[in-house]
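See below for the structure under consideration.
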Amino acid sequence: MTSVATLQPDPAPIVACTVSRDVQNFEMLINDMESELGESWGDLSFDDAELFLQQPDSKALEFVALAVNGEDESDLARISGLIRTAKAQEIKVILIADQVSPIALHHLLRLGADDFVPYPLPDGALHDAIERIRRPAAAVPLAPMVPVTPHSPAFKARGDRDGVLLPVHGMAGGVGASTFACNLAWELATISKTDAPRVCLLDLDFQYGAVSTYLDLPRRDAVFDILSDTESADSDSFLQAMLSYNDRLHVFTAPPDMLPLDIVTADDIGRLLDMAQANFDFVVIDMPSTVVSWTETVLARAQIYFALMELDLRSAQNVLRLVRALKAEGLPLEKLRYLLNRAPKFTDLSAKSRVKRMAESLDIVIELQLPDGGAAVTQANDHGVPLSEAAAKNPLRRELQKLAKSIHDHSRSTEAAKA
């Protein structure tokens, strides 16, 4: 005999949910969801969604249809949190908006909503939106890589320049100092097609220097020869030890073998900087994160000394130690310019307040907040190309481009004032 249980069909699995303050305000959405999904969808209020989206069961959802109207703009922070939570669970978000202001709509879309449909819903609009989010994301290839033929700079040493010294010092390992140095140097070197400055990049991290990797350049024994006997080196031998990247940027890589940082003295570094400044307009230096005996030499001669940090405790503690050490030695603390890498987005208000509190507690000014460039930065570094060549529209690249232009313009105005 057939049991009653076998006559009851299994409930359809829930693959989507509407999320709203009151779904009855969106009757057309209810009808379209039933047409598209039958009984395989549910409805959640904002309060319920906050709890459910944090549960493991929510990962079974394919998407949520987040429906908001003008009355919900006062609750924008909570709605923003729902979008972030859904994206963290890898759940697609379709935004249904009814009489929402352009500013609020732009804010919600920037948070990562996968699609947008206005309300009242046009015929077939929800169907089309669901189809779009169900399509597999097409892989975005890197821009074609320009083949690089490394060679020494083609120009002769004339000693007719007075280069601006721009050291970059990471306040902790992995904060992105080498990436910043490589891309800032490249942006300066390519700032003009007709009248670009002459730029060199010095990798003074003799142990873990990554500049050669990030620009796909070989390490040369000539670098060790220069470092081991700077007294005998001249500008010609210094240039011969360098490599040219795409004939625009000239690079003094780290040596092939891991060397102790004290293989050079302050006088050695001084002679190296003399040769670099005499032949280039801008000298970008990738410094080791360790403070060594010759760090003072670089700091004393630098126009700007970039201190790169992240929003974490280790960076904060190291900044505090560095500031204390510089004050104790009477060194020019005012040359330090603090940059925050992987800074929070402008919509992340809680993280923004943490940045402010950190700056206040350290008694410093964070002059530039660099956005997180994401996976494109790692891909560019692994392929040995600057970010502008691999992902020109990356937000981090745009900020570096602005910074390079600001430095270049300031240098030009200073030269004009001297003249």
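Following the order of the structure tokens, chains are lettered A, B, ..., residues in each are numbered from 1, and ligands are numbered from 1.
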
Exercise. Please, which residues of segment 127-337 of chain A, numbered as in this document, come out helix (DSSP H, G or I) from DSSP, as number ranges by chain?
Worked result: A: 127-134, 177-189, 211-214, 221-228, 235-241, 261-263, 266-279, 295-301, 313-329, 333-335

Run DSSP on the backbone of this structure and report the residues of segment 55-279 of chain A it assigns to strand (DSSP E or B), as a tab-separated table (two decimals) with N, CA and C atoms, in the first residue's frame.
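The result, stored in states-v4.tsv:
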```
chain	number	residue	atom	x	y	z
A	63	PHE	N	20.94	33.62	-6.02
A	63	PHE	CA	20.96	35.08	-5.99
A	63	PHE	C	19.91	35.58	-5.01
A	64	VAL	N	20.04	36.86	-4.65
A	64	VAL	CA	18.99	37.56	-3.91
A	64	VAL	C	18.57	38.75	-4.74
A	65	ALA	N	17.25	39.02	-4.71
A	65	ALA	CA	16.72	40.21	-5.37
A	65	ALA	C	16.48	41.24	-4.27
A	66	LEU	N	17.36	42.21	-4.17
A	66	LEU	CA	17.30	43.22	-3.10
A	66	LEU	C	16.45	44.38	-3.59
A	67	ALA	N	15.25	44.52	-3.00
A	67	ALA	CA	14.30	45.52	-3.46
A	67	ALA	C	14.26	46.69	-2.48
A	68	VAL	N	14.52	47.88	-2.97
A	68	VAL	CA	14.53	49.08	-2.13
A	68	VAL	C	13.75	50.18	-2.83
A	69	ASN	N	13.18	51.08	-2.00
A	69	ASN	CA	12.55	52.28	-2.56
A	69	ASN	C	13.03	53.51	-1.81
A	92	LYS	N	24.96	36.07	-5.78
A	92	LYS	CA	24.72	37.18	-6.70
A	92	LYS	C	23.64	38.11	-6.13
A	93	VAL	N	23.72	39.39	-6.49
A	93	VAL	CA	22.76	40.38	-6.01
A	93	VAL	C	22.15	41.12	-7.21
A	94	ILE	N	20.83	41.04	-7.33
A	94	ILE	CA	20.10	41.84	-8.31
A	94	ILE	C	19.41	42.96	-7.54
A	95	LEU	N	19.73	44.18	-7.87
A	95	LEU	CA	19.18	45.34	-7.18
A	95	LEU	C	17.90	45.81	-7.89
A	96	ILE	N	16.79	45.83	-7.16
A	96	ILE	CA	15.51	46.34	-7.67
A	96	ILE	C	15.27	47.68	-7.00
A	97	ALA	N	15.24	48.76	-7.75
A	97	ALA	CA	15.19	50.10	-7.16
A	97	ALA	C	13.96	50.86	-7.65
A	98	ASP	N	13.22	51.43	-6.69
A	98	ASP	CA	12.02	52.21	-7.00
A	98	ASP	C	12.17	53.60	-6.38
A	115	ASP	N	23.59	43.14	-10.84
A	115	ASP	CA	22.72	43.66	-11.89
A	115	ASP	C	21.73	44.62	-11.26
A	116	PHE	N	21.08	45.41	-12.11
A	116	PHE	CA	20.14	46.42	-11.64
A	116	PHE	C	18.91	46.42	-12.53
A	117	VAL	N	17.74	46.46	-11.88
A	117	VAL	CA	16.47	46.51	-12.62
A	117	VAL	C	15.61	47.59	-11.98
A	118	PRO	N	15.11	48.56	-12.75
A	118	PRO	CA	14.24	49.59	-12.16
A	118	PRO	C	12.85	49.02	-11.85
A	151	HIS	N	68.82	45.66	-21.75
A	151	HIS	CA	70.15	46.10	-22.13
A	151	HIS	C	70.50	47.31	-21.28
A	164	VAL	N	65.88	64.05	-8.41
A	164	VAL	CA	65.05	64.05	-7.19
A	164	VAL	C	65.08	62.64	-6.61
A	165	LEU	N	65.41	62.53	-5.33
A	165	LEU	CA	65.56	61.23	-4.67
A	165	LEU	C	64.25	60.85	-3.99
A	166	LEU	N	63.70	59.68	-4.35
A	166	LEU	CA	62.40	59.24	-3.84
A	166	LEU	C	62.51	57.82	-3.28
A	167	PRO	N	62.97	57.66	-2.04
A	167	PRO	CA	63.04	56.32	-1.46
A	167	PRO	C	61.64	55.83	-1.05
A	168	VAL	N	61.46	54.51	-1.10
A	168	VAL	CA	60.20	53.87	-0.68
A	168	VAL	C	60.55	52.83	0.38
A	169	HIS	N	59.97	52.97	1.55
A	169	HIS	CA	60.31	52.10	2.69
A	169	HIS	C	59.03	51.45	3.21
A	170	GLY	N	58.96	50.13	3.15
A	170	GLY	CA	57.81	49.41	3.69
A	170	GLY	C	57.90	49.33	5.20
A	199	VAL	N	64.53	58.49	-15.69
A	199	VAL	CA	64.21	57.90	-14.39
A	199	VAL	C	65.01	56.62	-14.19
A	200	CYS	N	65.53	56.44	-12.97
A	200	CYS	CA	66.15	55.17	-12.63
A	200	CYS	C	65.54	54.62	-11.35
A	201	LEU	N	65.61	53.32	-11.21
A	201	LEU	CA	65.06	52.62	-10.06
A	201	LEU	C	66.17	51.79	-9.44
A	202	LEU	N	66.49	52.06	-8.18
A	202	LEU	CA	67.55	51.34	-7.48
A	202	LEU	C	66.93	50.36	-6.49
A	203	ASP	N	67.28	49.11	-6.59
A	203	ASP	CA	66.81	48.10	-5.64
A	203	ASP	C	67.92	47.88	-4.62
A	243	LEU	N	70.09	47.98	-16.20
A	243	LEU	CA	69.33	47.43	-17.32
A	243	LEU	C	68.20	48.39	-17.66
A	244	SER	N	67.88	48.46	-18.94
A	244	SER	CA	66.83	49.35	-19.41
A	244	SER	C	65.56	48.54	-19.64
A	245	TYR	N	64.46	49.00	-19.06
A	245	TYR	CA	63.17	48.35	-19.29
A	245	TYR	C	62.40	49.14	-20.34
A	249	LEU	N	62.74	53.06	-18.60
A	249	LEU	CA	63.11	53.02	-17.19
A	249	LEU	C	64.43	52.27	-17.03
A	250	HIS	N	65.34	52.83	-16.25
A	250	HIS	CA	66.66	52.25	-16.07
A	250	HIS	C	66.78	51.72	-14.65
A	251	VAL	N	67.17	50.44	-14.55
A	251	VAL	CA	67.04	49.72	-13.29
A	251	VAL	C	68.38	49.17	-12.81
A	252	PHE	N	68.69	49.45	-11.55
A	252	PHE	CA	69.84	48.88	-10.87
A	252	PHE	C	69.28	47.80	-9.95
```

Problem set entry | Shortest interatomic distance to Gly373 of chain A - which of A:Val223, A:Phe180, A:Val284, A:Asp274, counting only C-alpha atoms | A:Phe180

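Of the listed residues A:Ala417, A:Ile14, A:Ala300, A:Ile133, the one whose atoms come nearest to Gly330 of chain A is A:Ala300, with distances taken using only C-alpha atoms.
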
Exercise. With distances taken over only C-alpha atoms, which of A:Ala113, A:Val264, A:Leu126, A:Ala307 is nearest to Leu340 of chain A?
Worked result: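 For Leu340 of chain A, the nearest of the given residues is A:Ala307.
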
Problem set entry | Pick from A:Pro102, A:Ile226, A:Ala177, A:Glu399 nearest to Glu310 of chain A, counting only C-alpha atoms |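 Smallest distance to Glu310 of chain A is found for A:Ala177.
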
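Using only C-alpha atoms for every distance, the candidate list A:Asp267, A:Asp162, A:Glu73, A:Asp195 yields A:Asp267 as the residue closest to Thr230 of chain A.
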
Problem set entry | For Leu349 of chain A, the nearest of the candidates A:Ala302, A:Ala77, A:Leu108, A:Leu387, counting only C-alpha atoms |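 Of all the options, A:Ala77 lies closest to Leu349 of chain A.
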
Exercise. Within 9 Å of Ala222 of chain A, counting only C-alpha atoms, which residues qualify if same-chain residues fewer than 4 places away don't, as a PyMOL selection string?
Worked result: chain A and resi 226-227+237-238+240-242+255

Exercise. Any idea what's packed within 12 Å of Ser361 of chain A, counting only C-alpha atoms, ignoring anything in its chain fewer than 3 positions away? Could you give it as a ChimeraX atom specification?
Worked result: /A:313,316-317,319-320,354-358,364-366

Exercise. What is the atom CA of Glu367 of chain A to atom CA of Asn394 of chain A distance in Å?
Worked result: 20.5 Å

Exercise. In Å to one decimal, how far is atom CA of Asp286 of chain A from atom CA of Ala254 of chain A?
Worked result: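 Value for the atom CA of Ala254 of chain A-atom CA of Asp286 of chain A distance: 9.8 Å.
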